[in-house]
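K.L.:
Sending over a structure as structure tokens; questions will come in a sec.
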Amino acid sequence: MKHYLLKAILLYASVLTTTTLIAQQKTILWYDKPATYWEEALPLGNGRLGAMVYGNPASEEIQLNEETVSAGSPYTNYNPEARKSLSTIRQLIFDGKYPEAQEMAGEKILSKKGFGMPYQTVGSLRLNFEGHDHFTNFRRELDIDKAVATTSYTMNGVDYKREIFTSFTDQLVIVRLTASQPGHLTFTTALTCPQEVSVSTKGKDRLVMEGITKGDEFTEGQVRFRADLKLSLQGGKSVATDTLLTVSNANSATLYIAMATNFVNYKDISGDPVARNNLSLQNAGKNYAKALQAHIAEYQKYYKRVSLNLGSTPQADKPTDVRVQEFATSNDPHLVSLYFQFGRYLLIACSQPGGQPANLQGIWNAKLNPAWKCRYTTNINAEMNYWPAEVTNLSEMHEPFLQMIRELYENGQEAAREMYGCRGWVLHHNTDLWRMNGAVDRAYCGPWPTCNAWLCQHLWDRYLYSGDKEFLASVYPIMKSASEFFCGFPRQRSEYRLPRSNS
């Protein structure tokens with residue numbers, strides 16, 4: 001989709017009231033074949049937990065994320081040499097000596113002790129169904145009206161179904177496996193991770209995976225993460241090896257996955273992932289139908305606030321990937337409204353009150369060193385994640401981002417003082433889970449100390465949409481402090497030897 005299309009949709013959405021009374025259309029993304037690579041998998045999330053569902057009948061992978069699994073540990077990375085060098089760099093610029101200025105900025109402004117820590121995957125749940133290669137009637141779908149992914153197919157006259165959701169109420173990834181005939185569910189289940197981890201079984205119905213993230217030459221990796229899987233069977237039996245559970249001849253099976261780390265906040269990693277998972281697993285014994293309905297009800301409190309009807313066409317019955325391919329040459333207004341609601345779904349799924357804001361990939365990442373480290377690129381990308389928050393009536397989803405601004409304000413005052421000798425607070429073009437605020441990456445983009453102003457725009461937007469003067473009073477010191485930085489950062493041009501104009 002082109003950016004102008006999204007812009008038009010957002011413009012339309014800006015005139016919507018709390019609820020637009022329009023007949024509800026189907027909001028389902030569906031496909032007639034399994035995902036062959038990660039980007040084709042279907043995303044699920046409850047803000048804290050994320051899952052990407054591939055939907056392969058014979059060898060299912062559900063890639064897993066928890067929002068605080070990051071390399072490293074609390075650290076700062078600003079370069080104090082900037083303070084003594086800034087005036088020289090400026091003069092080089094005014095003298096037209098741009099390569100020399102850039103070289104010096106790279107040496108004196110860019111960080112020398114940490115360049116941002118990558119957000120990382122927990123690993124994957126893997127389910128293997130021997131002999132399920134030659135299937136028919138295949139369909140995998142993501143119902144964004146319910147935040148549930150479903151895979152269904154037929155093998156040897158038996159209809160199989162997998163229903164997966166990341167529960168907003170129970171803080172678990174829940175996987176429900178069923179067959180149309182009793183005794184036909186036979187499979188193995190395992191937990192894997194590209195990082196060094198330990199995997200063990202507990203009895204015949206539990207898997208545990210534990211690990212500690214890595215760091216770099218400056219900062220030790222100290223995030224302890226853990227995934228606990230609990231298996232519940234109806235009929236059949238399960239057998240455990242050291243790292244694997246094997247299920248034979250079950251009627252149905254439900255898998256509950258809890259994930260947690262020791263992260264408390266950007267300064268504190270004293271949490272207990274074992275205790276946190278044990279607390280979540282107390283919800284694993286609930287009736288499945290009731291757990292599903294509670295999840296849907298909680299999700300729909302946000303999702304149902306806005307509907308968008310641009311009309312429908314016969315293309316709505318085609319697989320979603322086909323519709324996207326045909327969009328340039330066909331009239332498919334329903335795909336536009338589906339795209340609009342998919343954007344709202346993603347923000348609900350990856351940014352919940354009390355949690356971390358959406359990073360460059362939301363909450364979904366399968367790698368240890370992903371593109372741009374899956375951090376917060378604050379020179380526009382992180383802000384773009386939240387442009388739809390207020391305008392599409394998802395104000396609560398904005399809160400994690402606003403909280404990050406508060407934390408960067410706390411953390412950025414030392415950097416402003418030590419790097420530039422200024423009052424106020426500063427943020428360069430990037431940050432991460434640890435709220436680092438030094439200049440990173442390269443000299444042509446890293447020394448860009450104006451992200452605090454861009455972030456303050458979100459504070460002001462929240463006030464404009466809410467009219468909440470108590471909120472405005474609470475964030476006024478942040479905006480004032482950013483202004484103080486800009487009042488102190490520039491020097492009078494008369495201090496420098498400017499080249500004469502030829503005019």
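Here, A, B, ... name the chains of the structure tokens in the order displayed, residue numbers run from 1 inside each chain, and ligands are numbered from 1 in the same displayed order.
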So that I can check the surroundings of His132 (chain A), please list as a PyMOL selection string every protein, DNA and RNA residue that reaches within 12 Å of it, counting only C-alpha atoms and ignoring chain neighbours fewer than 3 positions away.
P.N.:
chain A and resi 56-60+127-129+135-136+138+153-160+184-187
K.L.:
Could you save the residues just selected, with N, CA and C atoms, as a PDB file, in the first residue's frame?
P.N.:
```
ATOM      1  N   ASN A  56       1.777 -24.340   9.380  1.00  0.00           N
ATOM      2  CA  ASN A  56       2.168 -25.518   8.604  1.00  0.00           C
ATOM      3  C   ASN A  56       1.558 -26.764   9.234  1.00  0.00           C
ATOM      4  N   PRO A  57       0.734 -27.536   8.509  1.00  0.00           N
ATOM      5  CA  PRO A  57       0.080 -28.703   9.109  1.00  0.00           C
ATOM      6  C   PRO A  57       1.049 -29.727   9.675  1.00  0.00           C
ATOM      7  N   ALA A  58       2.135 -30.042   8.969  1.00  0.00           N
ATOM      8  CA  ALA A  58       3.043 -31.096   9.418  1.00  0.00           C
ATOM      9  C   ALA A  58       4.048 -30.605  10.444  1.00  0.00           C
ATOM     10  N   SER A  59       4.477 -29.350  10.311  1.00  0.00           N
ATOM     11  CA  SER A  59       5.529 -28.828  11.179  1.00  0.00           C
ATOM     12  C   SER A  59       5.218 -27.386  11.522  1.00  0.00           C
ATOM     13  N   GLU A  60       4.399 -27.215  12.535  1.00  0.00           N
ATOM     14  CA  GLU A  60       3.966 -25.881  12.926  1.00  0.00           C
ATOM     15  C   GLU A  60       5.044 -25.164  13.733  1.00  0.00           C
ATOM     16  N   LEU A 127       5.498 -27.696  16.824  1.00  0.00           N
ATOM     17  CA  LEU A 127       4.585 -28.841  16.890  1.00  0.00           C
ATOM     18  C   LEU A 127       4.764 -29.661  15.626  1.00  0.00           C
ATOM     19  N   ASN A 128       5.099 -30.926  15.778  1.00  0.00           N
ATOM     20  CA  ASN A 128       5.308 -31.808  14.628  1.00  0.00           C
ATOM     21  C   ASN A 128       4.239 -32.882  14.577  1.00  0.00           C
ATOM     22  N   PHE A 129       3.564 -32.973  13.436  1.00  0.00           N
ATOM     23  CA  PHE A 129       2.496 -33.946  13.207  1.00  0.00           C
ATOM     24  C   PHE A 129       2.954 -34.879  12.083  1.00  0.00           C
ATOM     25  N   PHE A 135      -2.235 -32.663   2.795  1.00  0.00           N
ATOM     26  CA  PHE A 135      -3.489 -32.167   3.355  1.00  0.00           C
ATOM     27  C   PHE A 135      -4.340 -31.527   2.256  1.00  0.00           C
ATOM     28  N   THR A 136      -5.604 -31.352   2.550  1.00  0.00           N
ATOM     29  CA  THR A 136      -6.540 -30.659   1.664  1.00  0.00           C
ATOM     30  C   THR A 136      -7.344 -29.660   2.493  1.00  0.00           C
ATOM     31  N   PHE A 138      -7.118 -26.564   3.023  1.00  0.00           N
ATOM     32  CA  PHE A 138      -6.307 -25.763   3.937  1.00  0.00           C
ATOM     33  C   PHE A 138      -6.790 -24.312   3.979  1.00  0.00           C
ATOM     34  N   TYR A 153      -7.449 -27.751   8.247  1.00  0.00           N
ATOM     35  CA  TYR A 153      -7.148 -28.576   7.073  1.00  0.00           C
ATOM     36  C   TYR A 153      -7.723 -29.971   7.294  1.00  0.00           C
ATOM     37  N   THR A 154      -7.696 -30.774   6.240  1.00  0.00           N
ATOM     38  CA  THR A 154      -8.213 -32.140   6.293  1.00  0.00           C
ATOM     39  C   THR A 154      -7.099 -33.125   5.951  1.00  0.00           C
ATOM     40  N   MET A 155      -6.989 -34.196   6.750  1.00  0.00           N
ATOM     41  CA  MET A 155      -6.029 -35.272   6.504  1.00  0.00           C
ATOM     42  C   MET A 155      -6.719 -36.611   6.700  1.00  0.00           C
ATOM     43  N   ASN A 156      -6.735 -37.437   5.639  1.00  0.00           N
ATOM     44  CA  ASN A 156      -7.321 -38.782   5.727  1.00  0.00           C
ATOM     45  C   ASN A 156      -8.738 -38.765   6.284  1.00  0.00           C
ATOM     46  N   GLY A 157      -9.510 -37.806   5.831  1.00  0.00           N
ATOM     47  CA  GLY A 157     -10.903 -37.727   6.225  1.00  0.00           C
ATOM     48  C   GLY A 157     -11.154 -37.104   7.587  1.00  0.00           C
ATOM     49  N   VAL A 158     -10.107 -36.658   8.262  1.00  0.00           N
ATOM     50  CA  VAL A 158     -10.261 -36.030   9.571  1.00  0.00           C
ATOM     51  C   VAL A 158      -9.993 -34.529   9.429  1.00  0.00           C
ATOM     52  N   ASP A 159     -10.869 -33.716   9.993  1.00  0.00           N
ATOM     53  CA  ASP A 159     -10.707 -32.270   9.970  1.00  0.00           C
ATOM     54  C   ASP A 159      -9.948 -31.825  11.216  1.00  0.00           C
ATOM     55  N   TYR A 160      -8.843 -31.139  10.994  1.00  0.00           N
ATOM     56  CA  TYR A 160      -8.012 -30.649  12.100  1.00  0.00           C
ATOM     57  C   TYR A 160      -8.126 -29.125  12.190  1.00  0.00           C
ATOM     58  N   HIS A 184      -7.426 -38.839  17.335  1.00  0.00           N
ATOM     59  CA  HIS A 184      -6.632 -38.608  16.124  1.00  0.00           C
ATOM     60  C   HIS A 184      -5.584 -37.500  16.271  1.00  0.00           C
ATOM     61  N   LEU A 185      -5.333 -37.066  17.482  1.00  0.00           N
ATOM     62  CA  LEU A 185      -4.281 -36.068  17.677  1.00  0.00           C
ATOM     63  C   LEU A 185      -3.022 -36.742  18.215  1.00  0.00           C
ATOM     64  N   THR A 186      -2.000 -36.817  17.372  1.00  0.00           N
ATOM     65  CA  THR A 186      -0.698 -37.353  17.758  1.00  0.00           C
ATOM     66  C   THR A 186       0.372 -36.383  17.270  1.00  0.00           C
ATOM     67  N   PHE A 187       1.189 -35.910  18.194  1.00  0.00           N
ATOM     68  CA  PHE A 187       2.175 -34.899  17.812  1.00  0.00           C
ATOM     69  C   PHE A 187       3.245 -34.790  18.896  1.00  0.00           C
TER      70      PHE A 187
END
```
K.L.:
Tell me, as a CSV table (one decimal) with N, CA, C and O atoms, in the first residue's frame, which residues lie within 12 Å of Val324 (chain A), counting only C-alpha atoms; anything in the same chain fewer than 6 positions away does not count.
P.N.:
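Printed below is part_31.csv as written:
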```csv
chain,number,residue,atom,x,y,z
A,1,MET,N,0.8,-1.2,0.0
A,1,MET,CA,0.0,0.0,0.0
A,1,MET,C,0.9,1.3,0.0
A,1,MET,O,1.9,1.3,0.7
A,2,LYS,N,0.5,2.3,-0.7
A,2,LYS,CA,1.2,3.5,-0.7
A,2,LYS,C,0.9,4.3,0.5
A,2,LYS,O,-0.2,4.2,1.1
A,29,LEU,N,-8.1,-11.6,7.7
A,29,LEU,CA,-7.0,-11.9,6.7
A,29,LEU,C,-6.9,-13.4,6.6
A,29,LEU,O,-6.8,-14.1,7.6
A,30,TRP,N,-7.0,-13.9,5.3
A,30,TRP,CA,-6.9,-15.4,5.2
A,30,TRP,C,-6.1,-15.8,4.0
A,30,TRP,O,-5.9,-15.0,3.0
A,31,TYR,N,-5.5,-17.0,4.1
A,31,TYR,CA,-4.6,-17.5,3.0
A,31,TYR,C,-4.9,-19.0,2.8
A,31,TYR,O,-5.3,-19.7,3.7
A,315,GLN,N,-14.1,-9.3,-4.6
A,315,GLN,CA,-12.7,-9.6,-4.2
A,315,GLN,C,-12.6,-10.0,-2.7
A,315,GLN,O,-11.6,-10.6,-2.3
A,316,ALA,N,-13.6,-9.6,-1.9
A,316,ALA,CA,-13.5,-9.9,-0.5
A,316,ALA,C,-13.5,-11.4,-0.2
A,316,ALA,O,-13.1,-11.8,0.9
A,318,LYS,N,-11.6,-13.5,-1.9
A,318,LYS,CA,-10.3,-14.1,-2.3
A,318,LYS,C,-9.3,-14.0,-1.2
A,318,LYS,O,-9.4,-13.3,-0.3
A,330,SER,N,-7.7,-3.3,-9.6
A,330,SER,CA,-9.1,-3.6,-9.3
A,330,SER,C,-9.7,-2.6,-8.4
A,330,SER,O,-9.0,-1.8,-7.7
A,331,ASN,N,-11.0,-2.7,-8.2
A,331,ASN,CA,-11.7,-1.8,-7.3
A,331,ASN,C,-12.0,-2.6,-6.1
A,331,ASN,O,-12.9,-3.5,-6.1
A,332,ASP,N,-11.3,-2.4,-5.0
A,332,ASP,CA,-11.5,-3.3,-3.8
A,332,ASP,C,-11.5,-2.4,-2.5
A,332,ASP,O,-10.6,-2.4,-1.7
A,333,PRO,N,-12.6,-1.6,-2.4
A,333,PRO,CA,-12.6,-0.7,-1.2
A,333,PRO,C,-12.6,-1.4,0.1
A,333,PRO,O,-12.1,-0.8,1.1
A,334,HIS,N,-13.1,-2.6,0.2
A,334,HIS,CA,-13.1,-3.3,1.4
A,334,HIS,C,-11.7,-3.6,1.9
A,334,HIS,O,-11.5,-3.7,3.1
A,335,LEU,N,-10.8,-3.8,1.0
A,335,LEU,CA,-9.4,-4.1,1.4
A,335,LEU,C,-8.8,-2.8,2.1
A,335,LEU,O,-8.0,-2.9,3.0
A,336,VAL,N,-9.2,-1.7,1.6
A,336,VAL,CA,-8.8,-0.4,2.3
A,336,VAL,C,-9.2,-0.4,3.7
A,336,VAL,O,-8.5,0.0,4.6
A,338,LEU,N,-10.1,-2.9,5.5
A,338,LEU,CA,-9.4,-4.0,6.2
A,338,LEU,C,-8.0,-3.5,6.6
A,338,LEU,O,-7.6,-3.8,7.8
A,339,TYR,N,-7.4,-2.8,5.7
A,339,TYR,CA,-6.0,-2.3,6.0
A,339,TYR,C,-6.0,-1.3,7.2
A,339,TYR,O,-5.2,-1.4,8.0
```
K.L.:
Could you write out, as a PDB file with C-alpha atoms, in the first residue's frame, all the residues of region 91-264 of chain A that DSSP marks as strand (DSSP E or B)?
P.N.:
```pdb
ATOM      1  CA  LEU A 110      29.119   9.519  18.761  1.00  0.00           C
ATOM      2  CA  TYR A 119      15.360  -6.475  21.093  1.00  0.00           C
ATOM      3  CA  GLY A 123      12.271 -18.585  20.665  1.00  0.00           C
ATOM      4  CA  SER A 124       9.614 -20.787  19.104  1.00  0.00           C
ATOM      5  CA  LEU A 125       7.011 -23.369  19.965  1.00  0.00           C
ATOM      6  CA  ARG A 126       7.295 -26.249  17.504  1.00  0.00           C
ATOM      7  CA  LEU A 127       4.585 -28.841  16.890  1.00  0.00           C
ATOM      8  CA  ASN A 128       5.308 -31.808  14.628  1.00  0.00           C
ATOM      9  CA  THR A 136      -6.540 -30.659   1.664  1.00  0.00           C
ATOM     10  CA  ASN A 137      -9.056 -27.902   2.449  1.00  0.00           C
ATOM     11  CA  PHE A 138      -6.307 -25.763   3.937  1.00  0.00           C
ATOM     12  CA  ARG A 139      -7.059 -22.323   5.365  1.00  0.00           C
ATOM     13  CA  ARG A 140      -5.208 -20.090   7.789  1.00  0.00           C
ATOM     14  CA  GLU A 141      -6.709 -16.852   8.962  1.00  0.00           C
ATOM     15  CA  LEU A 142      -6.373 -13.972  11.387  1.00  0.00           C
ATOM     16  CA  ASP A 143      -9.695 -12.643  12.638  1.00  0.00           C
ATOM     17  CA  VAL A 148      -7.574 -15.035  17.076  1.00  0.00           C
ATOM     18  CA  ALA A 149      -5.552 -16.977  14.473  1.00  0.00           C
ATOM     19  CA  THR A 150      -6.935 -20.243  13.115  1.00  0.00           C
ATOM     20  CA  THR A 151      -5.456 -22.954  10.912  1.00  0.00           C
ATOM     21  CA  SER A 152      -7.673 -25.707   9.521  1.00  0.00           C
ATOM     22  CA  TYR A 153      -7.148 -28.576   7.073  1.00  0.00           C
ATOM     23  CA  THR A 154      -8.213 -32.140   6.293  1.00  0.00           C
ATOM     24  CA  MET A 155      -6.029 -35.272   6.504  1.00  0.00           C
ATOM     25  CA  VAL A 158     -10.261 -36.030   9.571  1.00  0.00           C
ATOM     26  CA  ASP A 159     -10.707 -32.270   9.970  1.00  0.00           C
ATOM     27  CA  TYR A 160      -8.012 -30.649  12.100  1.00  0.00           C
ATOM     28  CA  LYS A 161      -8.158 -27.204  13.641  1.00  0.00           C
ATOM     29  CA  ARG A 162      -5.652 -25.021  15.532  1.00  0.00           C
ATOM     30  CA  GLU A 163      -6.864 -21.933  17.334  1.00  0.00           C
ATOM     31  CA  ILE A 164      -4.270 -19.566  18.833  1.00  0.00           C
ATOM     32  CA  PHE A 165      -4.542 -16.323  20.779  1.00  0.00           C
ATOM     33  CA  THR A 166      -2.433 -14.233  23.134  1.00  0.00           C
ATOM     34  CA  VAL A 173      -0.268 -17.702  24.675  1.00  0.00           C
ATOM     35  CA  ILE A 174      -3.010 -20.315  24.292  1.00  0.00           C
ATOM     36  CA  VAL A 175      -3.026 -22.940  21.553  1.00  0.00           C
ATOM     37  CA  ARG A 176      -6.073 -25.206  21.115  1.00  0.00           C
ATOM     38  CA  LEU A 177      -5.740 -28.331  18.920  1.00  0.00           C
ATOM     39  CA  THR A 178      -8.803 -30.344  17.892  1.00  0.00           C
ATOM     40  CA  ALA A 179      -9.749 -33.133  15.493  1.00  0.00           C
ATOM     41  CA  LEU A 185      -4.281 -36.068  17.677  1.00  0.00           C
ATOM     42  CA  THR A 186      -0.698 -37.353  17.758  1.00  0.00           C
ATOM     43  CA  PHE A 187       2.175 -34.899  17.812  1.00  0.00           C
ATOM     44  CA  THR A 188       5.368 -33.757  19.550  1.00  0.00           C
ATOM     45  CA  THR A 189       5.937 -30.369  21.105  1.00  0.00           C
ATOM     46  CA  ALA A 190       9.216 -28.564  21.798  1.00  0.00           C
ATOM     47  CA  LEU A 191      10.608 -25.141  22.668  1.00  0.00           C
ATOM     48  CA  THR A 192      13.635 -23.866  20.740  1.00  0.00           C
ATOM     49  CA  VAL A 197      19.213 -21.796  26.488  1.00  0.00           C
ATOM     50  CA  SER A 198      18.402 -24.731  28.699  1.00  0.00           C
ATOM     51  CA  VAL A 199      15.258 -26.750  27.962  1.00  0.00           C
ATOM     52  CA  SER A 200      13.825 -29.337  30.355  1.00  0.00           C
ATOM     53  CA  THR A 201      10.625 -31.200  31.080  1.00  0.00           C
ATOM     54  CA  LYS A 202       8.708 -31.345  34.364  1.00  0.00           C
ATOM     55  CA  ARG A 206       5.476 -29.286  31.337  1.00  0.00           C
ATOM     56  CA  LEU A 207       8.311 -27.764  29.308  1.00  0.00           C
ATOM     57  CA  VAL A 208      10.651 -25.090  30.634  1.00  0.00           C
ATOM     58  CA  MET A 209      13.080 -22.960  28.613  1.00  0.00           C
ATOM     59  CA  GLU A 210      15.469 -20.539  30.341  1.00  0.00           C
ATOM     60  CA  GLY A 211      18.234 -18.262  29.117  1.00  0.00           C
ATOM     61  CA  ILE A 212      20.203 -15.066  29.695  1.00  0.00           C
ATOM     62  CA  ARG A 224      17.021 -13.563  32.424  1.00  0.00           C
ATOM     63  CA  PHE A 225      14.095 -14.867  30.401  1.00  0.00           C
ATOM     64  CA  ARG A 226      11.935 -17.934  30.815  1.00  0.00           C
ATOM     65  CA  ALA A 227       9.120 -19.678  28.952  1.00  0.00           C
ATOM     66  CA  ASP A 228       6.895 -22.253  30.666  1.00  0.00           C
ATOM     67  CA  LEU A 229       4.593 -24.536  28.679  1.00  0.00           C
ATOM     68  CA  LYS A 230       1.779 -26.477  30.281  1.00  0.00           C
ATOM     69  CA  LEU A 231      -0.077 -29.174  28.340  1.00  0.00           C
ATOM     70  CA  SER A 232      -3.688 -30.144  28.985  1.00  0.00           C
ATOM     71  CA  LEU A 233      -5.102 -33.221  27.214  1.00  0.00           C
ATOM     72  CA  GLN A 234      -8.561 -34.558  26.616  1.00  0.00           C
ATOM     73  CA  LYS A 237      -1.595 -39.696  26.770  1.00  0.00           C
ATOM     74  CA  SER A 238       1.665 -37.748  26.894  1.00  0.00           C
ATOM     75  CA  VAL A 239       5.236 -38.933  27.391  1.00  0.00           C
ATOM     76  CA  ALA A 240       8.241 -36.757  28.249  1.00  0.00           C
ATOM     77  CA  LEU A 245       6.655 -33.912  25.023  1.00  0.00           C
ATOM     78  CA  THR A 246       4.971 -36.539  22.835  1.00  0.00           C
ATOM     79  CA  VAL A 247       1.178 -36.744  22.673  1.00  0.00           C
ATOM     80  CA  SER A 248      -0.580 -39.852  21.343  1.00  0.00           C
ATOM     81  CA  ASN A 249      -4.194 -40.432  20.322  1.00  0.00           C
ATOM     82  CA  ALA A 250      -5.725 -37.437  22.078  1.00  0.00           C
ATOM     83  CA  SER A 252      -8.022 -32.449  21.854  1.00  0.00           C
ATOM     84  CA  ALA A 253      -5.151 -30.624  23.465  1.00  0.00           C
ATOM     85  CA  THR A 254      -4.592 -27.156  24.898  1.00  0.00           C
ATOM     86  CA  LEU A 255      -1.136 -25.642  25.344  1.00  0.00           C
ATOM     87  CA  TYR A 256      -0.552 -22.697  27.679  1.00  0.00           C
ATOM     88  CA  ILE A 257       2.676 -20.700  27.369  1.00  0.00           C
ATOM     89  CA  ALA A 258       3.828 -18.168  29.956  1.00  0.00           C
ATOM     90  CA  MET A 259       6.829 -15.897  29.335  1.00  0.00           C
ATOM     91  CA  ALA A 260       8.601 -13.417  31.585  1.00  0.00           C
ATOM     92  CA  THR A 261      11.965 -11.777  32.375  1.00  0.00           C
TER      93      THR A 261
END
```
K.L.:
Pick out the residues sitting within 9 Å of Tyr303 (chain A), and hand them over as a list in words; count only C-alpha atoms, and ignore anything fewer than 3 positions along from it in its own chain.
P.N.:
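What passes the distance filter is Ile144, Asp145, Lys146, Tyr299, Gln300, Val306, Ser307, Gln341, Arg344, Tyr345, Ile348, Asn393 and Leu394 of chain A.
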K.L.:
With all heavy atoms retained, export the selected residues as a short mmCIF file (atom, residue, chain, number, x, y, z; two decimals), in the first residue's frame.
P.N.:
```cif
data_model
loop_
_atom_site.label_atom_id
_atom_site.label_comp_id
_atom_site.auth_asym_id
_atom_site.auth_seq_id
_atom_site.Cartn_x
_atom_site.Cartn_y
_atom_site.Cartn_z
N ILE A 144 -9.23 -10.26 12.90
CA ILE A 144 -8.84 -9.09 13.68
C ILE A 144 -10.02 -8.49 14.43
O ILE A 144 -9.85 -7.55 15.21
CB ILE A 144 -8.14 -8.03 12.80
CG1 ILE A 144 -9.05 -7.53 11.68
CG2 ILE A 144 -6.85 -8.58 12.23
CD1 ILE A 144 -8.42 -6.41 10.86
N ASP A 145 -11.22 -9.03 14.25
CA ASP A 145 -12.35 -8.64 15.08
C ASP A 145 -12.28 -9.34 16.44
O ASP A 145 -12.81 -8.83 17.43
CB ASP A 145 -13.66 -9.02 14.38
CG ASP A 145 -14.87 -8.51 15.13
OD1 ASP A 145 -14.98 -7.28 15.30
OD2 ASP A 145 -15.70 -9.33 15.57
N LYS A 146 -11.56 -10.48 16.51
CA LYS A 146 -11.47 -11.25 17.75
C LYS A 146 -10.05 -11.44 18.25
O LYS A 146 -9.85 -11.97 19.34
CB LYS A 146 -12.11 -12.63 17.54
CG LYS A 146 -13.59 -12.58 17.19
CD LYS A 146 -14.15 -13.98 16.93
CE LYS A 146 -15.63 -13.92 16.59
NZ LYS A 146 -16.17 -15.28 16.29
N TYR A 299 -10.28 -7.43 24.41
CA TYR A 299 -9.72 -6.85 23.19
C TYR A 299 -10.72 -5.92 22.52
O TYR A 299 -10.37 -4.82 22.07
CB TYR A 299 -9.31 -7.97 22.25
CG TYR A 299 -9.09 -7.55 20.82
CD1 TYR A 299 -7.96 -6.82 20.45
CD2 TYR A 299 -10.02 -7.88 19.82
CE1 TYR A 299 -7.76 -6.43 19.14
CE2 TYR A 299 -9.82 -7.49 18.51
CZ TYR A 299 -8.70 -6.76 18.17
OH TYR A 299 -8.50 -6.37 16.87
N GLN A 300 -11.97 -6.34 22.45
CA GLN A 300 -12.98 -5.56 21.72
C GLN A 300 -13.35 -4.27 22.42
O GLN A 300 -13.95 -3.39 21.80
CB GLN A 300 -14.21 -6.42 21.45
CG GLN A 300 -13.97 -7.50 20.41
CD GLN A 300 -15.21 -8.29 20.05
OE1 GLN A 300 -16.22 -8.26 20.78
NE2 GLN A 300 -15.16 -9.01 18.95
N VAL A 306 -14.34 1.91 16.74
CA VAL A 306 -14.37 2.52 15.41
C VAL A 306 -14.63 1.45 14.37
O VAL A 306 -14.04 0.37 14.43
CB VAL A 306 -13.04 3.22 15.08
CG1 VAL A 306 -13.00 3.67 13.63
CG2 VAL A 306 -12.82 4.42 16.00
N SER A 307 -15.52 1.74 13.45
CA SER A 307 -15.66 0.87 12.28
C SER A 307 -15.60 1.75 11.05
O SER A 307 -15.86 2.95 11.09
CB SER A 307 -16.99 0.09 12.32
OG SER A 307 -18.09 0.98 12.33
N GLN A 341 -8.23 -1.17 9.62
CA GLN A 341 -8.48 -1.88 10.88
C GLN A 341 -7.31 -2.77 11.27
O GLN A 341 -7.06 -2.97 12.47
CB GLN A 341 -9.77 -2.70 10.78
CG GLN A 341 -11.05 -1.86 10.73
CD GLN A 341 -11.36 -1.18 12.06
OE1 GLN A 341 -10.48 -0.69 12.76
NE2 GLN A 341 -12.64 -1.16 12.41
N ARG A 344 -5.02 -0.66 13.26
CA ARG A 344 -5.51 -0.49 14.64
C ARG A 344 -5.27 -1.77 15.44
O ARG A 344 -4.88 -1.73 16.61
CB ARG A 344 -7.00 -0.14 14.64
CG ARG A 344 -7.31 1.21 14.01
CD ARG A 344 -8.81 1.55 14.09
NE ARG A 344 -9.22 1.80 15.46
CZ ARG A 344 -10.07 1.05 16.15
NH1 ARG A 344 -10.58 -0.05 15.61
NH2 ARG A 344 -10.40 1.36 17.37
N TYR A 345 -5.53 -2.92 14.82
CA TYR A 345 -5.29 -4.20 15.49
C TYR A 345 -3.85 -4.33 15.94
O TYR A 345 -3.57 -4.74 17.09
CB TYR A 345 -5.65 -5.34 14.53
CG TYR A 345 -5.08 -6.67 14.93
CD1 TYR A 345 -5.71 -7.47 15.89
CD2 TYR A 345 -3.87 -7.14 14.39
CE1 TYR A 345 -5.18 -8.68 16.28
CE2 TYR A 345 -3.33 -8.34 14.77
CZ TYR A 345 -3.99 -9.11 15.71
OH TYR A 345 -3.44 -10.31 16.10
N ILE A 348 -3.10 -2.18 19.02
CA ILE A 348 -3.68 -2.79 20.22
C ILE A 348 -2.84 -3.98 20.66
O ILE A 348 -2.61 -4.20 21.86
CB ILE A 348 -5.13 -3.23 19.95
CG1 ILE A 348 -6.02 -2.02 19.62
CG2 ILE A 348 -5.70 -3.98 21.16
CD1 ILE A 348 -7.39 -2.41 19.10
N ASN A 393 -8.97 6.62 17.94
CA ASN A 393 -9.63 6.33 19.23
C ASN A 393 -8.97 5.17 19.97
O ASN A 393 -9.64 4.29 20.50
CB ASN A 393 -11.12 6.06 19.03
CG ASN A 393 -11.91 6.42 20.28
OD1 ASN A 393 -11.33 6.71 21.33
ND2 ASN A 393 -13.23 6.38 20.18
N LEU A 394 -7.64 5.18 20.00
CA LEU A 394 -6.88 4.20 20.77
C LEU A 394 -5.95 4.93 21.74
O LEU A 394 -4.75 4.66 21.81
CB LEU A 394 -6.09 3.28 19.83
CG LEU A 394 -6.93 2.38 18.93
CD1 LEU A 394 -6.02 1.59 17.98
CD2 LEU A 394 -7.78 1.41 19.76
#
```
K.L.:
Pull the closest atom pair for each residue of region 247-329 of chain A that gets at most 12 Å from region 354-370 of chain A, along with the distance in Å to one decimal, counting only C-alpha atoms, ordering rows by chain and then ascending residue number, as a tab-separated table.
P.N.:
```
residue	atom	partner	partner_atom	distance
A:Phe263	CA	A:Gln356	CA	11.2
A:Val264	CA	A:Gly355	CA	10.5
A:Asn265	CA	A:Gln356	CA	9.7
A:Tyr266	CA	A:Gln356	CA	10.6
```
K.L.:
Save the residues we just selected, N, CA, C and O atoms, as a short mmCIF file (atom, residue, chain, number, x, y, z; two decimals), in the first residue's frame?
P.N.:
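Output saved as selection_34.cif:
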```
data_model
loop_
_atom_site.label_atom_id
_atom_site.label_comp_id
_atom_site.auth_asym_id
_atom_site.auth_seq_id
_atom_site.Cartn_x
_atom_site.Cartn_y
_atom_site.Cartn_z
N PHE A 263 13.19 -8.11 34.09
CA PHE A 263 13.13 -6.67 33.87
C PHE A 263 12.02 -6.04 34.70
O PHE A 263 10.88 -6.51 34.70
N VAL A 264 12.36 -4.97 35.44
CA VAL A 264 11.37 -4.19 36.19
C VAL A 264 11.19 -2.83 35.53
O VAL A 264 10.07 -2.41 35.24
N ASN A 265 12.29 -2.13 35.32
CA ASN A 265 12.27 -0.89 34.55
C ASN A 265 13.68 -0.66 33.99
O ASN A 265 14.56 -1.51 34.18
N TYR A 266 13.89 0.45 33.32
CA TYR A 266 15.17 0.64 32.62
C TYR A 266 16.36 0.74 33.55
O TYR A 266 17.51 0.68 33.11
#
```
